[in-house]
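Asker: One file is attached below, final-v7.cif, containing mmCIF, C-alpha atoms.
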```
data_start
#
loop_
_atom_site.label_atom_id
_atom_site.label_comp_id
_atom_site.auth_asym_id
_atom_site.auth_seq_id
_atom_site.Cartn_x
_atom_site.Cartn_y
_atom_site.Cartn_z
CA MET A 1 21.34 -13.20 -52.32
CA GLN A 2 24.68 -11.47 -51.82
CA ARG A 3 26.46 -14.81 -51.86
CA ALA A 4 24.82 -15.64 -55.21
CA ASN A 5 26.05 -12.36 -56.70
CA HIS A 6 29.49 -13.13 -55.36
CA THR A 7 29.67 -16.48 -57.12
CA GLU A 8 28.43 -15.00 -60.41
CA VAL A 9 31.30 -12.52 -60.72
CA ARG A 10 34.23 -14.71 -61.74
CA GLU A 11 36.02 -12.17 -63.94
CA PHE A 12 36.78 -8.47 -63.82
CA VAL A 13 37.22 -6.10 -66.76
CA PHE A 14 39.60 -3.14 -66.58
CA GLN A 15 38.32 0.17 -67.88
CA GLY A 16 41.96 1.16 -68.14
CA PHE A 17 42.86 4.33 -70.02
CA SER A 18 39.56 4.60 -71.90
CA SER A 19 39.56 8.39 -71.35
CA PHE A 20 42.76 8.54 -73.43
CA ARG A 21 41.60 6.15 -76.17
CA GLU A 22 43.13 8.16 -79.03
CA HIS A 23 46.49 8.28 -77.22
CA GLN A 24 46.71 4.64 -76.12
CA LEU A 25 49.40 3.70 -78.65
CA ILE A 26 51.54 6.64 -77.50
CA LEU A 27 50.99 5.62 -73.86
CA PHE A 28 51.99 2.05 -74.74
CA VAL A 29 55.28 3.19 -76.29
CA VAL A 30 56.06 5.56 -73.38
CA PHE A 31 55.21 3.02 -70.66
CA LEU A 32 57.09 0.24 -72.46
CA ALA A 33 60.19 2.44 -72.73
CA LEU A 34 59.96 3.37 -69.02
CA TYR A 35 59.48 -0.30 -68.09
CA ILE A 36 62.56 -1.37 -70.08
CA LEU A 37 64.55 1.42 -68.45
CA THR A 38 63.32 0.29 -65.01
CA LEU A 39 64.39 -3.31 -65.60
CA ALA A 40 67.73 -2.27 -67.10
CA GLY A 41 68.40 0.29 -64.35
CA ASN A 42 67.71 -2.13 -61.51
CA LEU A 43 69.74 -4.84 -63.25
CA ILE A 44 72.68 -2.40 -63.53
CA ILE A 45 72.40 -1.53 -59.83
CA LEU A 46 72.34 -5.23 -58.83
CA THR A 47 75.24 -6.12 -61.15
CA THR A 48 77.31 -3.14 -59.99
CA ILE A 49 76.86 -4.07 -56.33
CA TYR A 50 77.67 -7.72 -57.08
CA VAL A 51 80.90 -7.13 -59.04
CA ASP A 52 82.47 -4.52 -56.76
CA HIS A 53 83.50 -5.89 -53.34
CA HIS A 54 83.80 -2.29 -52.07
CA LEU A 55 80.02 -2.11 -52.30
CA HIS A 56 79.51 -5.24 -50.19
CA THR A 57 78.31 -3.18 -47.23
CA PRO A 58 74.97 -3.05 -45.37
CA MET A 59 73.92 0.12 -47.20
CA TYR A 60 74.30 -1.47 -50.64
CA PHE A 61 72.92 -4.80 -49.43
CA PHE A 62 69.65 -3.04 -48.57
CA LEU A 63 69.80 -1.17 -51.89
CA SER A 64 70.10 -4.49 -53.76
CA VAL A 65 67.10 -5.88 -51.86
CA LEU A 66 65.14 -2.70 -52.71
CA SER A 67 66.08 -2.96 -56.40
CA THR A 68 64.98 -6.61 -56.48
CA SER A 69 61.68 -5.76 -54.78
CA GLU A 70 61.07 -2.79 -57.11
CA THR A 71 61.68 -5.05 -60.14
CA PHE A 72 59.06 -7.59 -59.04
CA TYR A 73 56.74 -4.75 -57.99
CA SER A 74 56.70 -3.34 -61.52
CA LEU A 75 56.47 -6.86 -63.00
CA VAL A 76 53.16 -7.44 -61.19
CA ILE A 77 51.47 -4.41 -62.80
CA ILE A 78 53.08 -3.13 -65.98
CA PRO A 79 53.04 -6.16 -68.38
CA HIS A 80 49.27 -6.60 -67.95
CA MET A 81 48.78 -2.84 -68.30
CA LEU A 82 50.74 -2.84 -71.58
CA CYS A 83 48.62 -5.68 -72.91
CA SER A 84 45.47 -3.75 -72.02
CA LEU A 85 46.70 -0.68 -73.89
CA VAL A 86 46.97 -2.63 -77.16
CA GLY A 87 43.70 -4.50 -76.56
CA LEU A 88 45.20 -7.95 -75.95
CA SER A 89 43.82 -8.50 -72.45
CA GLN A 90 41.47 -6.14 -70.63
CA SER A 91 40.03 -8.78 -68.30
CA ILE A 92 41.33 -10.72 -65.31
CA SER A 93 39.90 -13.64 -63.37
CA LEU A 94 38.74 -13.28 -59.77
CA GLU A 95 41.69 -15.39 -58.63
CA GLY A 96 44.09 -13.46 -60.88
CA CYS A 97 42.88 -10.16 -59.46
CA GLY A 98 43.37 -11.42 -55.90
CA THR A 99 46.87 -12.64 -56.77
CA GLN A 100 47.78 -9.34 -58.41
CA LEU A 101 46.54 -7.37 -55.39
CA LEU A 102 48.39 -9.67 -52.98
CA PHE A 103 51.76 -9.27 -54.71
CA PHE A 104 51.28 -5.59 -55.53
CA LEU A 105 50.54 -4.74 -51.89
CA GLY A 106 53.22 -7.14 -50.64
CA PHE A 107 56.03 -5.55 -52.63
CA ALA A 108 54.66 -2.01 -52.09
CA ILE A 109 54.63 -2.40 -48.29
CA THR A 110 58.01 -4.14 -48.39
CA ASN A 111 59.49 -1.18 -50.29
CA CYS A 112 58.14 1.30 -47.73
CA LEU A 113 59.59 -0.69 -44.84
CA LEU A 114 62.90 -1.19 -46.66
CA LEU A 115 63.30 2.56 -47.06
CA ALA A 116 62.80 2.90 -43.29
CA VAL A 117 65.46 0.24 -42.66
CA MET A 118 67.84 2.07 -45.01
CA GLY A 119 67.16 5.23 -43.03
CA TYR A 120 68.11 3.41 -39.83
CA ASP A 121 71.33 2.26 -41.52
CA ARG A 122 72.20 5.88 -42.41
CA TYR A 123 71.31 7.04 -38.89
CA VAL A 124 73.69 4.55 -37.26
CA ALA A 125 76.45 5.26 -39.82
CA ILE A 126 76.34 9.03 -39.22
CA CYS A 127 75.28 9.33 -35.58
CA ASN A 128 77.15 6.33 -34.18
CA PRO A 129 79.97 5.59 -36.65
CA LEU A 130 82.35 3.91 -34.19
CA ARG A 131 79.82 1.18 -33.41
CA TYR A 132 78.35 0.93 -36.91
CA SER A 133 79.96 -2.40 -37.81
CA ILE A 134 78.79 -3.91 -34.51
CA ILE A 135 75.21 -2.60 -34.59
CA VAL A 136 74.55 -3.16 -38.31
CA ASN A 137 76.34 -6.47 -38.85
CA TRP A 138 75.45 -9.00 -41.53
CA ARG A 139 73.27 -11.06 -39.19
CA VAL A 140 71.24 -7.96 -38.33
CA CYS A 141 70.99 -7.06 -42.03
CA ALA A 142 69.62 -10.50 -42.90
CA MET A 143 67.14 -10.36 -40.03
CA LEU A 144 65.93 -6.86 -40.97
CA ALA A 145 65.54 -7.72 -44.67
CA SER A 146 63.66 -10.96 -43.99
CA SER A 147 61.46 -9.33 -41.32
CA VAL A 148 60.52 -6.54 -43.71
CA CYS A 149 59.51 -9.02 -46.43
CA VAL A 150 57.49 -11.20 -44.04
CA THR A 151 55.74 -8.17 -42.55
CA GLY A 152 54.94 -6.73 -45.98
CA PHE A 153 53.36 -9.89 -47.32
CA SER A 154 51.58 -10.68 -44.03
CA LEU A 155 49.82 -7.30 -44.09
CA SER A 156 49.09 -7.76 -47.79
CA LEU A 157 47.57 -11.20 -47.19
CA VAL A 158 45.28 -9.86 -44.45
CA GLN A 159 44.09 -7.00 -46.67
CA THR A 160 43.56 -9.23 -49.74
CA VAL A 161 41.63 -11.92 -47.86
CA ALA A 162 39.42 -9.28 -46.22
CA ILE A 163 38.58 -7.76 -49.62
CA PHE A 164 37.94 -10.99 -51.53
CA ARG A 165 35.62 -12.38 -48.88
CA LEU A 166 33.15 -9.66 -49.91
CA PRO A 167 30.37 -10.30 -52.45
CA PHE A 168 30.90 -8.43 -55.74
CA CYS A 169 27.95 -7.00 -57.67
CA THR A 170 29.75 -5.59 -60.72
CA SER A 171 32.78 -6.58 -62.75
CA LEU A 172 34.01 -3.29 -64.29
CA ILE A 173 37.15 -2.01 -62.54
CA GLU A 174 37.59 1.72 -63.21
CA HIS A 175 41.35 1.38 -63.12
CA PHE A 176 44.18 -0.38 -64.97
CA PHE A 177 45.03 -2.91 -62.24
CA CYS A 178 43.57 -4.44 -59.08
CA ASP A 179 44.21 -1.81 -56.42
CA VAL A 180 42.46 -1.62 -53.05
CA ARG A 181 39.92 1.15 -53.63
CA PRO A 182 38.87 0.21 -57.20
CA VAL A 183 38.22 -3.41 -56.13
CA LEU A 184 36.38 -2.37 -52.96
CA ASP A 185 34.12 -0.18 -55.11
CA LEU A 186 32.86 -3.35 -56.85
CA ALA A 187 31.58 -4.91 -53.61
CA CYS A 188 27.82 -5.06 -53.01
CA ALA A 189 28.50 -3.46 -49.63
CA THR A 190 31.72 -2.53 -47.85
CA PRO A 191 31.58 -3.22 -44.10
CA ILE A 192 33.13 -0.55 -41.90
CA ILE A 193 35.69 -3.12 -40.78
CA ASN A 194 37.23 -3.08 -44.29
CA ASP A 195 37.65 0.69 -44.21
CA ILE A 196 39.18 0.47 -40.73
CA LEU A 197 41.51 -2.33 -41.85
CA THR A 198 42.61 -0.32 -44.90
CA LEU A 199 43.35 2.68 -42.68
CA ILE A 200 45.31 0.59 -40.14
CA ILE A 201 47.44 -1.06 -42.83
CA SER A 202 48.08 2.33 -44.47
CA LEU A 203 49.20 3.72 -41.10
CA LEU A 204 51.50 0.73 -40.49
CA ALA A 205 52.92 0.69 -44.03
CA ILE A 206 53.23 4.42 -44.73
CA THR A 207 52.76 6.65 -41.68
CA ALA A 208 54.78 4.62 -39.17
CA PRO A 209 57.92 4.22 -41.35
CA ALA A 210 57.59 7.83 -42.59
CA THR A 211 57.50 9.08 -39.00
CA PHE A 212 60.52 6.91 -38.16
CA LEU A 213 62.38 8.32 -41.17
CA PHE A 214 61.50 11.89 -40.23
CA ILE A 215 62.91 11.42 -36.71
CA SER A 216 65.99 9.65 -38.11
CA TYR A 217 66.75 12.50 -40.52
CA VAL A 218 66.23 15.14 -37.84
CA LEU A 219 68.94 13.36 -35.82
CA ILE A 220 71.10 12.84 -38.91
CA ILE A 221 70.94 16.50 -39.94
CA SER A 222 71.61 17.55 -36.35
CA ALA A 223 74.74 15.37 -36.31
CA ILE A 224 75.87 16.71 -39.71
CA LEU A 225 75.54 20.32 -38.56
CA LYS A 226 77.92 19.58 -35.69
CA ILE A 227 80.71 18.68 -38.12
CA ALA A 228 83.28 21.47 -38.07
CA SER A 229 84.28 21.72 -41.74
CA ALA A 230 81.91 22.59 -44.57
CA GLU A 231 83.56 19.93 -46.76
CA GLY A 232 82.98 17.33 -44.08
CA ARG A 233 79.30 18.30 -43.78
CA LYS A 234 78.87 18.14 -47.54
CA LYS A 235 80.59 14.76 -47.84
CA THR A 236 78.58 13.25 -44.98
CA PHE A 237 75.26 14.53 -46.31
CA ALA A 238 76.10 13.12 -49.75
CA THR A 239 76.04 9.60 -48.27
CA CYS A 240 72.31 9.90 -47.56
CA ALA A 241 71.18 12.37 -50.26
CA SER A 242 70.15 9.61 -52.71
CA HIS A 243 68.12 7.79 -50.08
CA LEU A 244 66.43 11.00 -48.94
CA THR A 245 65.42 11.86 -52.52
CA VAL A 246 63.84 8.44 -53.07
CA VAL A 247 62.08 8.62 -49.68
CA ILE A 248 60.46 12.02 -50.38
CA VAL A 249 59.09 11.00 -53.79
CA HIS A 250 58.09 7.47 -52.70
CA TYR A 251 56.19 8.43 -49.56
CA GLY A 252 54.76 11.52 -51.23
CA CYS A 253 53.12 9.40 -53.95
CA ASP A 254 51.91 6.71 -51.54
CA SER A 255 50.45 9.23 -49.10
CA THR A 256 48.60 11.04 -51.89
CA ALA A 257 47.17 7.77 -53.19
CA TYR A 258 46.05 6.15 -49.94
CA PHE A 259 45.18 9.09 -47.67
CA LYS A 260 43.28 11.19 -50.21
CA PRO A 261 39.61 11.41 -49.09
CA LYS A 262 37.16 9.31 -51.09
CA LEU A 263 35.02 12.35 -51.89
CA GLU A 264 37.89 13.85 -53.88
CA ASN A 265 38.37 10.77 -56.02
CA THR A 266 38.13 11.10 -59.78
CA LYS A 267 39.08 8.33 -62.16
CA ASP A 268 41.60 10.39 -64.17
CA GLN A 269 43.21 11.76 -61.00
CA ASP A 270 43.56 8.29 -59.51
CA GLN A 271 45.06 6.89 -62.70
CA LEU A 272 47.60 9.72 -62.90
CA ILE A 273 48.65 9.12 -59.27
CA SER A 274 48.77 5.36 -59.86
CA VAL A 275 50.96 5.77 -62.95
CA THR A 276 53.35 7.79 -60.80
CA TYR A 277 53.84 5.09 -58.16
CA THR A 278 53.63 2.05 -60.47
CA VAL A 279 55.67 3.29 -63.46
CA ILE A 280 57.74 6.31 -62.39
CA THR A 281 58.73 5.42 -58.80
CA PRO A 282 60.36 2.03 -59.66
CA LEU A 283 62.49 3.87 -62.24
CA LEU A 284 63.44 6.58 -59.75
CA ASN A 285 65.50 4.25 -57.55
CA PRO A 286 68.16 3.24 -60.15
CA ILE A 287 68.26 6.74 -61.69
CA VAL A 288 68.87 8.51 -58.38
CA TYR A 289 71.43 6.01 -57.13
CA SER A 290 73.22 5.98 -60.49
CA LEU A 291 73.33 9.77 -60.93
CA ARG A 292 73.80 10.93 -57.34
CA ASN A 293 75.91 8.16 -55.79
CA LYS A 294 79.63 8.53 -56.45
CA ALA A 295 80.53 4.98 -55.37
CA VAL A 296 78.09 3.48 -57.87
CA GLN A 297 79.28 5.88 -60.58
CA ASP A 298 82.93 4.97 -59.99
CA THR A 299 82.15 1.25 -60.19
CA LEU A 300 80.16 1.71 -63.42
CA HIS A 301 83.03 3.66 -64.96
CA ARG A 302 85.52 0.95 -64.01
CA VAL A 303 83.33 -1.85 -65.36
CA LEU A 304 82.49 -0.03 -68.60
CA GLY A 305 86.11 1.07 -69.04
CA ARG A 306 87.34 -2.48 -68.57
CA LYS A 307 84.84 -3.81 -71.14
CA SER A 308 85.69 -1.18 -73.74
CA TYR A 309 89.41 -1.81 -73.20
CA SER A 310 88.99 -5.56 -73.65
#
```
Rewrite the coordinates I just gave you, this time as structure tokens.
Answerer:
Amino acid sequence: MQRANHTEVREFVFQGFSSFREHQLILFVVFLALYILTLAGNLIILTTIYVDHHLHTPMYFFLSVLSTSETFYSLVIIPHMLCSLVGLSQSISLEGCGTQLLFFLGFAITNCLLLAVMGYDRYVAICNPLRYSIIVNWRVCAMLASSVCVTGFSLSLVQTVAIFRLPFCTSLIEHFFCDVRPVLDLACATPIINDILTLIISLLAITAPATFLFISYVLIISAILKIASAEGRKKTFATCASHLTVVIVHYGCDSTAYFKPKLENTKDQDQLISVTYTVITPLLNPIVYSLRNKAVQDTLHRVLGRKSYS
């Protein structure tokens, strides 16, 4: 009987922002503007790193990978969400939902792991500067970046397959995209193994890298405090301030979304949290690195100055 129900549900319908029906046009304009800014900001970061050979370092290599991942991450969610807001497409096929969840989780986990790798890069640069070029060479950078991507999408594939092997008894998703909890809520029954798997993947994707980053920054701050001059301490800390800002917001949003007890779930709360990590967080990366990073600012000024002169 469960298998029959499973085969009947071939399409899901998003409830979306039905609670804000009278404000959907305003939401569309706001989210579209933020999406354009996200694409433009990440494109500027990638172009800036590409054109300036001074930025061809491991730190900016990882930043370019993060910007690329963030761009695709937002591409998986926001266009369909914008269409839903203007009533063009509020449904998605079973296969489309599985694909969306696979890529959403893949890029989300990849971003979390990339931030941990960037933290390791800052740790080596500050705590072991004399051996930095040996420890974090280009071969290591390529291996770390590829390993992070493979790990992210491997965990995502396991989670997605486990969810879409379940029989679904209803087709209304009380959300604006195919996320883990809203899709699991549609299953006729959720085996305990799925809850355990979700917890394990959350621990591997969020808690483990967050713990690694915490330890790294304890060591980094300890090393900075040992610097004799106040100017030297300020200059050294500035090299990791942008990364630390992105880390705090990124992991804060993810932890709130995936470790909040089910009993506290409300649809409006979940949507607000989801908007934060699907719309706001991808925009945060280019804004922080453009406004707080002097090397990126200097390159942008040179490029813009050259264009205006020509």
Asker: Can you turn the PyMOL selection byres ((chain A and resi 67) around 9) into a concrete residue list for this file, as a list in words?
Answerer: Gly41, Asn42, Leu43, Ile45, Leu46, Phe62, Leu63, Ser64, Val65, Leu66, Thr68, Ser69, Glu70, Thr71, Phe72, Pro282, Asn285 and Pro286 of chain A
Asker: Using all atoms listed in the file, can you tell me which of A:Ser229, A:Gln15, A:Thr236, A:Ser156 comes closest to Thr198 of chain A?
Answerer: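 That would be A:Ser156, the residue with the smallest distance to Thr198 of chain A.
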Asker: Give the answer as one residue: which of A:Val158, A:Ile134, A:Ile44, A:Cys112 has the shortest atom-to-atom distance to Thr281 of chain A, using only C-alpha atoms?
Answerer: A:Cys112
Asker: If we count all atoms listed in the file and set the cut-off at 9 Å, which residues sit around Leu113 of chain A, ignoring sequence neighbours fewer than 5 positions away in its own chain? Please answer as a PyMOL selection string.
Answerer: chain A and resi 108+118+148-149+151-152+205-206+209
Asker: For the selection you just gave me, I'd like the residues written to a file as a CSV table (one decimal), in the coordinates of the input, keeping C-alpha atoms.
Answerer:
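The result, written out as part_0.csv:
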```csv
chain,number,residue,atom,x,y,z
A,108,ALA,CA,54.7,-2.0,-52.1
A,118,MET,CA,67.8,2.1,-45.0
A,148,VAL,CA,60.5,-6.5,-43.7
A,149,CYS,CA,59.5,-9.0,-46.4
A,151,THR,CA,55.7,-8.2,-42.6
A,152,GLY,CA,54.9,-6.7,-46.0
A,205,ALA,CA,52.9,0.7,-44.0
A,206,ILE,CA,53.2,4.4,-44.7
A,209,PRO,CA,57.9,4.2,-41.4
```
Asker: Please compute the atom CA of Leu101 of chain A-atom CA of Cys141 of chain A distance, one decimal, in Å.
Answerer: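 Atom CA of Leu101 of chain A sits 27.9 Å away from atom CA of Cys141 of chain A.
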Asker: Return the single residue from A:Val30, A:Leu272, A:Ala210, A:Leu184 that is closest to Leu244 of chain A, with distances computed using only C-alpha atoms.
Answerer: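 Checking each candidate against Leu244 of chain A, we get A:Ala210 as the closest.
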Asker: How many Å lie between atom CA of Leu37 of chain A and atom CA of Ile287 of chain A, rounded to one decimal?
Answerer: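 Between these atoms lies a distance of 9.4 Å.
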Asker: List as a count of residues only: which residues have an atom within 7 Å of (37.2, -2.5, -62.9), counting all atoms listed in the file?
Answerer: 11
Asker: One decimal, Å: what's the distance from atom CA of Phe168 of chain A over to atom CA of Gly96 of chain A, could you say?
Answerer: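 Answer for the atom CA of Phe168 of chain A to atom CA of Gly96 of chain A separation: 15.0 Å.
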Asker: Just so the selection is clear, what residues does the PyMOL selection byres ((chain A and resi 87) around 12) cover here, as an mmCIF file with C-alpha atoms, in the frame of the given file?
Answerer:
```cif
data_model
loop_
_atom_site.group_PDB
_atom_site.id
_atom_site.type_symbol
_atom_site.label_atom_id
_atom_site.label_comp_id
_atom_site.auth_asym_id
_atom_site.auth_seq_id
_atom_site.Cartn_x
_atom_site.Cartn_y
_atom_site.Cartn_z
ATOM 1 C CA VAL A 13 37.220 -6.100 -66.760
ATOM 2 C CA PHE A 14 39.600 -3.140 -66.580
ATOM 3 C CA GLN A 15 38.320 0.170 -67.880
ATOM 4 C CA GLY A 16 41.960 1.160 -68.140
ATOM 5 C CA PHE A 17 42.860 4.330 -70.020
ATOM 6 C CA SER A 18 39.560 4.600 -71.900
ATOM 7 C CA ARG A 21 41.600 6.150 -76.170
ATOM 8 C CA GLN A 24 46.710 4.640 -76.120
ATOM 9 C CA LEU A 25 49.400 3.700 -78.650
ATOM 10 C CA PHE A 28 51.990 2.050 -74.740
ATOM 11 C CA HIS A 80 49.270 -6.600 -67.950
ATOM 12 C CA MET A 81 48.780 -2.840 -68.300
ATOM 13 C CA LEU A 82 50.740 -2.840 -71.580
ATOM 14 C CA CYS A 83 48.620 -5.680 -72.910
ATOM 15 C CA SER A 84 45.470 -3.750 -72.020
ATOM 16 C CA LEU A 85 46.700 -0.680 -73.890
ATOM 17 C CA VAL A 86 46.970 -2.630 -77.160
ATOM 18 C CA LEU A 88 45.200 -7.950 -75.950
ATOM 19 C CA SER A 89 43.820 -8.500 -72.450
ATOM 20 C CA GLN A 90 41.470 -6.140 -70.630
ATOM 21 C CA SER A 91 40.030 -8.780 -68.300
#
```
Asker: Which residues fall under the PyMOL selection byres ((chain A and resi 102) around 9) in this file, as a list in words?
Answerer: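 Applying the expression gives Cys97, Gly98, Thr99, Gln100, Leu101, Phe103, Phe104, Leu105, Gly106, Phe107, Phe153, Ser156, Leu157, Gln159, Thr160 and Val161 of chain A.
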Asker: Please determine, counting only C-alpha atoms, which residue among A:Tyr50, A:Tyr251, A:Tyr289, A:Tyr120 has the shortest atom-to-atom distance to Phe212 of chain A.
Answerer: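 With only C-alpha atoms as the atom set, the closest residue is A:Tyr120.
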Asker: For Leu166 of chain A, find every residue with an atom within 8 Å (counting all atoms listed in the file), except residues of its own chain fewer than 2 positions away, and show them as number ranges by chain.
Answerer: A: 6, 162-164, 168, 187-190
Asker: With all atoms listed in the file as the counted atoms, please give the residues lying no more than 12 Å from Val124 of chain A, apart from itself and same-chain residues fewer than 5 positions off, as a PyMOL selection string.
Answerer: chain A and resi 58-59+117-119+129-137+216-217+219-220+223+240
Asker: Restricting the calculation to all atoms listed in the file: of A:Leu115, A:Leu39, A:Val51, A:Ile192, which residue gets closest to Tyr73 of chain A?
Answerer: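 Among the listed residues, A:Leu39 lies closest to Tyr73 of chain A.
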